[in-house]
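Here is the structure we will look at, set down as structure tokens.
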Amino acid sequence: MSAAHAENAPGRVLIKGNEAVAFGAVDAGCRCYFGYPITPQNEIPETLSWLLPENGGQFVQAESEVAASNMLLGAAACGIPAMTSSSGCGISLMQEAISYMAGSRIPGVIVNMQRGGPGLGDIGPSQGDYFQAVKGGGHGDHRNLALAPATAQECYDFMFRAFALAFRYANPVMVLGDAMVGQIKEPVRRVPPAGALRPEQIRALAADWRLEGYGARGGNAAPRLLKSVYLAEGALAERNRMLMRSYEAMRAETAWEQSDVDDAQLVVVAFGSMARIARSAIRRLRGQGHKLGLFRPVTLYPFPDEALRALAPGRRFLVIEQNIGQMVEDVRLALNGTAETRWHGVMPGLFIGAEELVDPMLQALKEK
């Protein structure tokens, strides 16, 4: 079923992960999108180009990723649930605006459907933007909340979470997918997930700071200023202390998924598309009597380090990711030497199946 027919279809609809992002965003309350085309995420702006106007929103194809990210900053500063999307090299061009948003405490949702890199790379899958998403990516000490969907349904569901988190913490939220997650076509239930905030509840979170003009708040209203420059003595230090407290509070949002870990001798740690491929390999090996389990971080920042560390006693760990070694650093920091940790990298741009992960898992089980 095409995206054009999905809007009014009852029950489940067959759509791509990219299309699910678009439907989820609008259903969550997004009313502004600014972006620039890049493969493999083009179905997001394509779908929003007709879906947003039909729902009272605005769609703008900007002249560049730099322009799109600054348009996002402007709309979000007015308290409007807004978003942009791109792939790795486009997200790189947005980093200045994302850092400004974090420093100014302006919410916004940025979707990255990763492609192979570095540089222009190719249009195949990759998880090479993990550092970019979870270590800030831009200048300064800022952090982005980062969510990693693994299915088309999660592409829909996570948009509700992304907008709620962005406005709850007045901070950018990165939704980190990849070419597999964005292009896969699966049945999706277009129903808000349990506990999702309604669009009006999300907008209400901006009532105390949004820029809306004196007229909206009365002639005696105090001025509001959203900024990221602090030149007075000690002002920037205090601002960063406040941001640190906010980042620490984000730990309450940590989320993960684990399966078959109770009897596991080896726990595979993977996120996004690699996690679902690893799960298939684990099921095959468990059917042969091997004791493996899966730990999937859902929030990449904050990273679920305590939950992972709780699995350490008596187990070994194998990190599988499609890059040359990024999340493995956070896994090793989380485990802090309490368990043996190995790593297997799938090179960016490659499409693999579960059978190609079987041997690395068996090798990690055998090695002492």
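Please note that chains go A, B, ... in the order of the structure tokens, that every chain numbers its residues from 1, and that ligands are numbered from 1 in the order shown.
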DSSP alpha helix (DSSP H) residues within region 146-338 of chain A, as number ranges by chain: A: 152-169, 179-183, 199-204, 214-217, 235-249, 272-287, 305-309, 327-335
All strand (DSSP E or B) residues (DSSP, backbone) inside region 49-182 of chain A, as a PyMOL selection string: chain A and resi 58-61+82-86+108-114+145-147+172-178
Minimum-distance residue to Arg239 (chain A), chosen among A:Lys227, A:Asp178, A:Ile15, A:Pro360 (using only C-alpha atoms):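 Going through A:Lys227, A:Asp178, A:Ile15, A:Pro360 one by one, the smallest distance to Arg239 (chain A) is for A:Lys227.
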Straight-line distance linking CA of Met274 (chain A) with CA of Met174 (chain A), stated in Å to one decimal: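 Interatomic distance here is 18.4 Å.
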Region 335-348 of chain A environment, 7 Å, only C-alpha atoms, sequence neighbours closer than 4 positions dropped, as a PyMOL selection string: chain A and resi 116-117+125-126+309+312+315-325+328+331
Keeping only N, CA, C and O atoms, write the selected residues to a file as a short mmCIF file (atom, residue, chain, number, x, y, z; two decimals), in the first residue's frame.
```
data_model
loop_
_atom_site.label_atom_id
_atom_site.label_comp_id
_atom_site.auth_asym_id
_atom_site.auth_seq_id
_atom_site.Cartn_x
_atom_site.Cartn_y
_atom_site.Cartn_z
N GLY A 116 26.28 4.96 4.25
CA GLY A 116 27.69 4.66 4.35
C GLY A 116 28.55 5.91 4.28
O GLY A 116 28.25 6.85 3.56
N GLY A 117 29.63 5.92 5.03
CA GLY A 117 30.58 7.01 5.05
C GLY A 117 31.95 6.46 5.37
O GLY A 117 32.15 5.23 5.39
N PRO A 125 23.46 0.87 3.97
CA PRO A 125 23.29 1.04 5.41
C PRO A 125 24.61 1.23 6.14
O PRO A 125 25.66 0.79 5.69
N SER A 126 24.53 1.88 7.28
CA SER A 126 25.69 2.12 8.13
C SER A 126 25.20 2.51 9.51
O SER A 126 24.07 2.99 9.66
N ARG A 309 25.33 -3.44 32.86
CA ARG A 309 26.28 -3.87 33.91
C ARG A 309 25.65 -4.94 34.81
O ARG A 309 26.36 -5.82 35.31
N ALA A 312 26.47 -8.48 33.80
CA ALA A 312 27.88 -8.85 33.68
C ALA A 312 28.28 -10.13 34.39
O ALA A 312 29.03 -10.94 33.83
N ARG A 315 29.02 -13.70 32.57
CA ARG A 315 28.73 -13.65 31.14
C ARG A 315 29.83 -12.93 30.39
O ARG A 315 30.57 -12.12 30.94
N ARG A 316 29.91 -13.22 29.08
CA ARG A 316 30.76 -12.47 28.17
C ARG A 316 29.87 -11.70 27.20
O ARG A 316 28.69 -12.02 27.03
N PHE A 317 30.46 -10.71 26.54
CA PHE A 317 29.68 -9.83 25.69
C PHE A 317 30.33 -9.71 24.31
O PHE A 317 31.55 -9.69 24.18
N LEU A 318 29.48 -9.63 23.30
CA LEU A 318 29.91 -9.41 21.93
C LEU A 318 29.11 -8.24 21.37
O LEU A 318 27.88 -8.31 21.26
N VAL A 319 29.81 -7.18 21.02
CA VAL A 319 29.17 -6.01 20.43
C VAL A 319 29.20 -6.15 18.92
O VAL A 319 30.27 -6.40 18.33
N ILE A 320 28.04 -6.04 18.28
CA ILE A 320 27.95 -6.09 16.82
C ILE A 320 27.35 -4.77 16.35
O ILE A 320 26.26 -4.39 16.78
N GLU A 321 28.07 -4.07 15.48
CA GLU A 321 27.57 -2.81 14.93
C GLU A 321 28.13 -2.61 13.53
O GLU A 321 29.17 -3.19 13.18
N GLN A 322 27.44 -1.82 12.73
CA GLN A 322 27.85 -1.62 11.34
C GLN A 322 28.69 -0.36 11.22
O GLN A 322 28.28 0.67 10.71
N ASN A 323 29.90 -0.45 11.72
CA ASN A 323 30.88 0.62 11.68
C ASN A 323 32.22 0.02 12.07
O ASN A 323 32.35 -1.20 12.18
N ILE A 324 33.21 0.86 12.29
CA ILE A 324 34.53 0.31 12.62
C ILE A 324 34.82 0.42 14.12
O ILE A 324 35.97 0.37 14.54
N GLY A 325 33.75 0.53 14.93
CA GLY A 325 33.90 0.47 16.38
C GLY A 325 33.53 1.76 17.07
O GLY A 325 34.39 2.61 17.28
N VAL A 328 30.85 0.15 20.92
CA VAL A 328 31.66 -0.73 21.77
C VAL A 328 32.38 0.07 22.86
O VAL A 328 32.60 -0.44 23.97
N VAL A 331 29.90 0.44 25.64
CA VAL A 331 29.68 -0.86 26.29
C VAL A 331 30.83 -1.15 27.25
O VAL A 331 30.61 -1.55 28.41
#
```
